[in-house]
Amino acid sequence: MENDNPKVEELAVNDCWALLRTQEIGRLAVSVDDDPDIFPLNYVVDHGTIVFRSAPGTKMSAALSNPRVALEVDGYLPEPHEAWSVVIKGRAEGIREIGDLMDTVDLPLFPWQGGAKNFFIRLVPTSVTGRRFAVAEPAAWRTPLSDARRSPME
């Protein structure tokens, strides 16, 4: 490959939040029975926190019983040929106060999966980190064996 040490730009926290506002899907990492598990979810940025909806189940139970969670969101910018990734670590809190619930219900939060998702959960960050990097051209990964004939799959 041409560059064995590709440049990775560490993003400022405000840049991370700006990128998070451009997306609506992330992956929530939780601990389930002492094992890591990951759930895709729709989210919205709200006053320096992340809010998502959930139905009762593994994701909600894990997030609220062991509230140390992480959310990863990434994106691709075709014109500069760059990718980015933001990771938020923090604690998950159920939104239960009536005033907070009233404010939260009006957020533009639309889960892809149907069904009752009547519980709102807020991820309060303790850490927000991100990075941006150039995406390698596919040709950079070619080797002399890339064009070798292979036997058919049986």
# chains A, B, ... in the order shown; residues from 1 in each chain; ligands from 1
>>> residues_around(residues="stretch 46-63 of chain A", least_positions_apart="2", cutoff="9 Å", atoms="only C-alpha atoms", output="PyMOL selection string")
chain A and resi 17+28-33+37-39+41-44+65-69+71+91-93+104+107+109-111+115-125
>>> select_by_dssp(residues="stretch 68-112 of chain A", states="strand (DSSP E or B)", output="PyMOL selection string")
chain A and resi 68-77+82-94
>>> write_last_selection(atoms="N, CA and C atoms", output="CSV table (one decimal), in the first residue's frame")
chain,number,residue,atom,x,y,z
A,68,ARG,N,-24.0,2.0,32.1
A,68,ARG,CA,-22.8,2.4,31.4
A,68,ARG,C,-23.0,1.8,30.0
A,69,VAL,N,-23.1,2.7,29.0
A,69,VAL,CA,-23.4,2.3,27.6
A,69,VAL,C,-22.5,3.1,26.7
A,70,ALA,N,-22.4,2.7,25.5
A,70,ALA,CA,-21.7,3.5,24.4
A,70,ALA,C,-22.6,3.5,23.2
A,71,LEU,N,-22.5,4.6,22.4
A,71,LEU,CA,-23.2,4.7,21.1
A,71,LEU,C,-22.2,5.0,20.1
A,72,GLU,N,-22.2,4.3,19.0
A,72,GLU,CA,-21.3,4.5,17.9
A,72,GLU,C,-22.1,4.9,16.7
A,73,VAL,N,-21.7,6.0,16.0
A,73,VAL,CA,-22.4,6.5,14.8
A,73,VAL,C,-21.3,6.8,13.8
A,74,ASP,N,-21.5,6.5,12.5
A,74,ASP,CA,-20.5,6.8,11.5
A,74,ASP,C,-21.1,7.3,10.3
A,75,GLY,N,-20.3,7.8,9.4
A,75,GLY,CA,-20.8,8.3,8.1
A,75,GLY,C,-19.7,8.3,7.1
A,76,TYR,N,-20.1,8.6,5.8
A,76,TYR,CA,-19.2,8.6,4.7
A,76,TYR,C,-19.6,9.9,3.9
A,77,LEU,N,-18.5,10.6,3.6
A,77,LEU,CA,-18.7,11.8,2.8
A,77,LEU,C,-18.1,11.6,1.4
A,82,GLU,N,-14.1,10.7,2.4
A,82,GLU,CA,-13.7,10.6,3.8
A,82,GLU,C,-14.8,9.9,4.6
A,83,ALA,N,-14.4,9.2,5.6
A,83,ALA,CA,-15.3,8.6,6.6
A,83,ALA,C,-15.1,9.2,7.9
A,84,TRP,N,-16.1,9.0,8.8
A,84,TRP,CA,-15.9,9.5,10.2
A,84,TRP,C,-16.7,8.6,11.1
A,85,SER,N,-16.3,8.6,12.4
A,85,SER,CA,-16.9,7.8,13.4
A,85,SER,C,-16.9,8.6,14.7
A,86,VAL,N,-18.0,8.5,15.4
A,86,VAL,CA,-18.1,9.2,16.7
A,86,VAL,C,-18.6,8.2,17.7
A,87,VAL,N,-17.9,8.2,18.9
A,87,VAL,CA,-18.3,7.3,20.0
A,87,VAL,C,-18.7,8.1,21.2
A,88,ILE,N,-19.9,7.9,21.7
A,88,ILE,CA,-20.3,8.5,23.0
A,88,ILE,C,-20.3,7.4,24.0
A,89,LYS,N,-19.7,7.7,25.1
A,89,LYS,CA,-19.8,6.8,26.3
A,89,LYS,C,-20.5,7.6,27.4
A,90,GLY,N,-21.3,6.9,28.1
A,90,GLY,CA,-22.0,7.6,29.2
A,90,GLY,C,-23.0,6.7,29.9
A,91,ARG,N,-24.0,7.3,30.5
A,91,ARG,CA,-25.0,6.5,31.3
A,91,ARG,C,-26.3,6.7,30.7
A,92,ALA,N,-27.1,5.6,30.7
A,92,ALA,CA,-28.5,5.7,30.2
A,92,ALA,C,-29.4,5.9,31.3
A,93,GLU,N,-30.4,6.8,31.1
A,93,GLU,CA,-31.4,7.1,32.1
A,93,GLU,C,-32.8,7.1,31.5
A,94,GLY,N,-33.7,6.4,32.1
A,94,GLY,CA,-35.1,6.5,31.7
A,94,GLY,C,-35.6,7.9,31.9
>>> closest_residue(among="A:Pro40, A:Leu64, A:Thr129, A:Ala136", to="A:Arg27", atoms="only C-alpha atoms")
A:Pro40
>>> select_by_dssp(residues="chain A", states="helix (DSSP H, G or I)", output="number ranges by chain")
A: 13-20, 58-65, 98-105, 138-141
>>> closest_residue(among="A:Phe133, A:Asp147, A:Leu20, A:Val128", to="A:Pro6", atoms="only C-alpha atoms")
A:Phe133
>>> closest_residue(among="A:His81, A:Arg150, A:Arg131, A:Arg96", to="A:Leu19", atoms="only C-alpha atoms")
A:Arg131
>>> atom_distance(atom1="atom CA of A:Val13", atom2="atom CA of A:Ile25")
19.0 Å
>>> atom_distance(atom1="atom CA of A:Pro80", atom2="atom CA of A:Lys7")
14.1 Å
>>> atom_distance(atom1="atom CA of A:Cys16", atom2="atom CA of A:Ser127")
11.0 Å
